[in-house]
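Please read the structure below before turning to the comments.
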2 protein chains.
Amino acid sequence: MAHSPISLASIRSFFIGGTTAVVSGLPVEYRSMVLNGAPRKVDPNGEHEYGQMYVQEYRLANPRHPHPVLLWHGGGMTGCTWETTPDGRDGWLWRFLEAGYDVLVSDAVERGRSSWARFPEVYQESPVFRTKHEAWTTFRIGPTYDPEPERRIAFPGQQFPIEHFDYFAKQWVPRWPGHETMILAAYTALADHVGPCHIVAHSQGAGFACEIACRRPDVVQSLVCIEPGGMPVPERVKSGGLPPHLVVWGDFIQASGSHWIGYRQQADRYLAAIADYTRIQTLDLPVEGITGNSHLPMMDRNGDEIFDCVLAWMQK
Amino acid sequence: MAHSPISLASIRSFFIGGTTAVVSGLPVEYRSMVLNGAPRKVDPNGEHEYGQMYVQEYRLANPRHPHPVLLWHGGGMTGCTWETTPDGRDGWLWRFLEAGYDVLVSDAVERGRSSWARFPEVYQESPVFRTKHEAWTTFRIGPTYDPEPERRIAFPGQQFPIEHFDYFAKQWVPRWPGHETMILAAYTALADHVGPCHIVAHSQGAGFACEIACRRPDVVQSLVCIEPGGMPVPERVKSGGLPPHLVVWGDFIQASGSHWIGYRQQADRYLAAIADYTRIQTLDLPVEGITGNSHLPMMDRNGDEIFDCVLAWMQK
């Protein structure tokens, strides 16, 4: 898709949150640390930073909206979710800049440029690594996975660019499922640092975003949850002042027979709990006649069409 | 420092290189994968991508030079080396865009957004994590480290913004020192993908860059090695066609008594071996009267001054 240049006032990055762990009692090693290097002493004992979050901040020369958009990725992913799509089109980072918003893209704690800490010495549990088979199912690409691409079966009308599925796998990162308290602490610090903002979040990130909206209702101006996974329990919702929520669902939720049925019920319970306190909208894409979307609408072939729906809601 | 807006034709990212590993025989787990989620089956067995490299590509609306600059970071770091400095100034990414170059910033294989693979099932060895003490010494900040900032002793005239040293620690990432073959494969693929380019590389990345210049002398147009760690052995250098090399050294190499004495000798041997085949320049900053630089000149307070020296050499 043709596009015009964008004039940026700055491209910056920063880290937010985090603390220091002290590691002791580990053996000293001697390892070569550079190409053709002689082994040198490596002492792993001492202070390590962990729990911080990396944020990349694009500020327009002439923003047309007062508040920036924060783009939060889902589980096992990084901020590159929002950059180029697996088949090489502009992602929603570029689209939001084009629409006149400043944009901040973050990598959740422990993922991507946010770094991660040694386990079991600092982190207590072990990480989870995504397999291609798991992703084919969880992302609702299709009913049947096979290592051989030509033997994989996608759902009919699938909008995800499946011929780039193996390439897409290169952007997955490990995660530690038990680190929600640490991750939420960094997201809270980010909201406090940035001030009034819109959050557009995917999957696990959308659950975190709703929790942050409950914690910081004055900061979060609006919230777009793309296929949210994990939502605050209804008891978490007190009252008043919550920002408007848009929830977007793709296709194949019943057909996939996956945990998305439960995640959707969890989202519906949360939305019912906040319905008296703010404006909510659920955009069920197949109900609206937009069919074939996977768990990754921003990467799907019709991602621009869905972006336009999101933008129209944000500007209503 | 005041700066003007920059007009970008595109902000893109891509992954290059990598292959698939198959993991088998590991136990299936049941873990909650989202906020307030019910435990679900997590099967770690199957196909995993590894060995790929993440690249972020900034293309100017009106580049003033024919070939882009590739920015390669050092050991235990990511591409954010080149973004904002620890004390909040524009890094060399912005400076090169300002100077009219398209810029590609990469995270070396296994670091940052390039992701990493499980060990010992895919990677065989264990990673190395940087401690603050190790960094204070290796980066030649000063002779004495202490967990309490006010008790740390920096070298006299130190240019690194030491009051932000603990914040700087948030950008360090683990690395696997034995993965040079895999990392070089991805850098080679990047050079082949991008075509004619300039490489500006730091520390471990500069060693890799010299090896790539030997492998792809027609692709690499010029090479700036900032404090190179690890260089090709002289026997690696065949003859002819190598690109011009600039090597930049900071201060305190003798005073630190660290492995930098050896790394510098290694660099000098490499430069002597290529001297008959190309233009080389060593910019020893203290010899030129620019004193106080750490191992991280691009983050030091006088980073703009050093950038100007690099740019002048590139455009000579």
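Numbering starts fresh at 1 for the residues of each chain in the structure tokens, the chains themselves are lettered A, B, ... in the order given, and ligands are numbered from 1 as they appear.
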Discussion item. So that I can check the surroundings of Pro228 (chain B), please list as a PyMOL selection string every protein, DNA and RNA residue that reaches within 12 Å of it, counting only C-alpha atoms and ignoring chain neighbours fewer than 4 positions away.
Written reply: (chain A and resi 34-35+37) or (chain B and resi 72-75+200-211+223-224+232+245-250+259-268+270-271+282+295-297)
Closest pair table for chain B residues within 6 Å of chain A, only C-alpha atoms, as CSV:
```
residue,atom,partner,partner_atom,distance
B:Pro5,CA,A:Ala9,CA,4.3
B:Ile6,CA,A:Leu8,CA,5.3
B:Ser7,CA,A:Ser7,CA,4.1
B:Leu8,CA,A:Pro5,CA,5.3
B:Ala9,CA,A:Pro5,CA,4.4
B:Arg12,CA,A:Thr84,CA,5.4
B:Ser13,CA,A:Thr84,CA,5.6
B:Met33,CA,A:Pro177,CA,5.3
B:Val34,CA,A:Gly230,CA,4.8
B:Leu35,CA,A:Gly230,CA,4.4
B:Asn36,CA,A:Gly230,CA,5.8
B:Gly37,CA,A:Gly230,CA,5.6
B:Gly46,CA,A:Thr131,CA,5.6
B:Glu47,CA,A:Thr131,CA,5.3
B:His48,CA,A:Thr131,CA,5.4
B:Glu49,CA,A:Lys170,CA,5.7
B:Ala61,CA,A:Pro5,CA,5.9
B:Thr84,CA,A:Arg12,CA,5.4
B:Gly112,CA,A:Arg113,CA,4.1
B:Arg113,CA,A:Gly112,CA,4.1
B:Ser115,CA,A:Val173,CA,5.2
B:Thr131,CA,A:Glu47,CA,5.3
B:Lys132,CA,A:Glu47,CA,5.7
B:Lys170,CA,A:Glu49,CA,5.7
B:Val173,CA,A:Ser115,CA,5.1
B:Pro177,CA,A:Met33,CA,5.3
B:Gln204,CA,A:Val34,CA,5.5
B:Gly229,CA,A:Val34,CA,6.0
B:Gly230,CA,A:Leu35,CA,4.4
```
Selection from above, C-alpha atoms, as a short mmCIF file (atom, residue, chain, number, x, y, z; two decimals), in the first residue's frame, can you write it?
```
data_model
loop_
_atom_site.label_atom_id
_atom_site.label_comp_id
_atom_site.auth_asym_id
_atom_site.auth_seq_id
_atom_site.Cartn_x
_atom_site.Cartn_y
_atom_site.Cartn_z
CA PRO B 5 12.28 16.93 12.53
CA ILE B 6 13.23 14.07 10.23
CA SER B 7 11.00 12.90 7.41
CA LEU B 8 10.85 9.12 7.08
CA ALA B 9 9.60 7.18 4.07
CA ARG B 12 10.00 -1.37 9.02
CA SER B 13 11.38 -4.43 10.74
CA MET B 33 -0.89 -18.18 30.58
CA VAL B 34 -2.87 -14.94 31.05
CA LEU B 35 -4.10 -12.76 33.90
CA ASN B 36 -6.64 -14.69 35.99
CA GLY B 37 -6.49 -17.50 33.43
CA GLY B 46 7.72 -29.57 18.71
CA GLU B 47 9.37 -27.11 16.36
CA HIS B 48 11.12 -23.95 17.53
CA GLU B 49 12.72 -21.26 15.40
CA ALA B 61 12.10 10.36 2.62
CA THR B 84 18.74 7.42 23.47
CA GLY B 112 16.64 -8.49 22.41
CA ARG B 113 13.91 -8.92 19.84
CA SER B 115 14.73 -14.00 20.76
CA THR B 131 26.84 -7.83 36.68
CA LYS B 132 27.15 -4.14 37.51
CA LYS B 170 18.60 -1.99 32.53
CA VAL B 173 20.92 -8.70 28.06
CA PRO B 177 29.67 -16.67 24.06
CA GLN B 204 32.02 -7.50 20.07
CA GLY B 229 36.57 -6.55 20.91
CA GLY B 230 37.60 -9.64 18.99
#
```
Item to complete: Enumerate the residues of region 68-168 of chain B with a DSSP assignment of alpha helix (DSSP H), computed from the backbone, and present them as a list in words.
Response: Trp92, Leu93, Trp94, Arg95, Phe96, Leu97, Glu98, Lys132, His133, Glu134, Ala135, Trp136, Thr137, Thr138, Phe165, Asp166, Tyr167 and Phe168 of chain B
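In this structure, CA of Phe96 (chain B) sits 14.5 Å away from CA of Ser222 (chain B).
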Which residues, written as an mmCIF file with N, CA and C atoms, in the first residue's frame, have at least one atom at most 8 Å from Gln159 (chain A), with only C-alpha atoms counted and residues fewer than 6 positions away on the same chain left out?
```
data_model
loop_
_atom_site.group_PDB
_atom_site.id
_atom_site.type_symbol
_atom_site.label_atom_id
_atom_site.label_comp_id
_atom_site.auth_asym_id
_atom_site.auth_seq_id
_atom_site.Cartn_x
_atom_site.Cartn_y
_atom_site.Cartn_z
ATOM 1 N N GLY A 292 -13.053 -14.463 8.671
ATOM 2 C CA GLY A 292 -11.771 -15.101 8.383
ATOM 3 C C GLY A 292 -10.615 -14.622 9.236
ATOM 4 N N ASN A 293 -10.863 -13.761 10.231
ATOM 5 C CA ASN A 293 -9.733 -13.249 11.016
ATOM 6 C C ASN A 293 -9.254 -14.238 12.065
ATOM 7 N N SER A 294 -7.944 -14.294 12.180
ATOM 8 C CA SER A 294 -7.280 -15.126 13.176
ATOM 9 C C SER A 294 -7.227 -14.379 14.513
ATOM 10 N N ASP A 300 -3.354 -9.764 9.902
ATOM 11 C CA ASP A 300 -4.152 -10.415 8.864
ATOM 12 C C ASP A 300 -4.195 -9.547 7.596
ATOM 13 N N ARG A 301 -4.561 -10.183 6.488
ATOM 14 C CA ARG A 301 -4.551 -9.475 5.193
ATOM 15 C C ARG A 301 -5.476 -8.257 5.191
ATOM 16 N N ASN A 302 -6.547 -8.337 5.990
ATOM 17 C CA ASN A 302 -7.483 -7.213 6.064
ATOM 18 C C ASN A 302 -7.202 -6.333 7.293
#
```
Item to complete: Go through B:Leu190, B:Leu242, B:Ile253, B:Cys309 and flag the residue nearest Phe155 (chain B), using only C-alpha atoms for the distances.
Response: B:Ile253
Worksheet item: Which residues come within 6 Å of Pro244 (chain B), counting only C-alpha atoms, excluding same-chain residues fewer than 5 positions away, as a VMD selection string?
Response: chain B and resid 222 278 to 280
Any chance you can output those residues with N, CA and C atoms as a PDB file, in the first residue's frame?
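Saved to out_21.pdb:
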```pdb
ATOM      1  N   SER B 222      32.378   0.698   3.893  1.00  0.00           N
ATOM      2  CA  SER B 222      33.305   1.223   4.895  1.00  0.00           C
ATOM      3  C   SER B 222      32.899   0.663   6.245  1.00  0.00           C
ATOM      4  N   THR B 278      43.997  -1.779   2.038  1.00  0.00           N
ATOM      5  CA  THR B 278      42.936  -0.780   2.124  1.00  0.00           C
ATOM      6  C   THR B 278      43.404   0.395   2.972  1.00  0.00           C
ATOM      7  N   ARG B 279      42.565   1.423   3.023  1.00  0.00           N
ATOM      8  CA  ARG B 279      42.830   2.598   3.836  1.00  0.00           C
ATOM      9  C   ARG B 279      42.403   2.286   5.267  1.00  0.00           C
ATOM     10  N   ILE B 280      43.317   2.462   6.215  1.00  0.00           N
ATOM     11  CA  ILE B 280      42.945   2.264   7.620  1.00  0.00           C
ATOM     12  C   ILE B 280      43.324   3.502   8.408  1.00  0.00           C
TER      13      ILE B 280
END
```
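Nearest residue to Gly157 (chain B) among B:Phe307, B:Ala312, B:Gly100, B:Asp251 is B:Asp251, counting only C-alpha atoms.
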Worksheet entry | Atom-to-atom span, CA of Tyr123 (chain B) and CA of Pro120 (chain A), Å |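 Answer for the CA of Tyr123 (chain B) to CA of Pro120 (chain A) separation: 17.7 Å.
The residue that comes closest to Gln281 (chain A), out of A:Asp192, A:Trp136, A:Cys225, A:Gly303 and on the basis of only C-alpha atoms, is A:Cys225.
Of the residues under consideration (B:Phe160, B:Trp92, B:Tyr30, B:Phe165), B:Phe165 shows the shortest atom-to-atom contact distance to Glu148 (chain B) when counting only C-alpha atoms.
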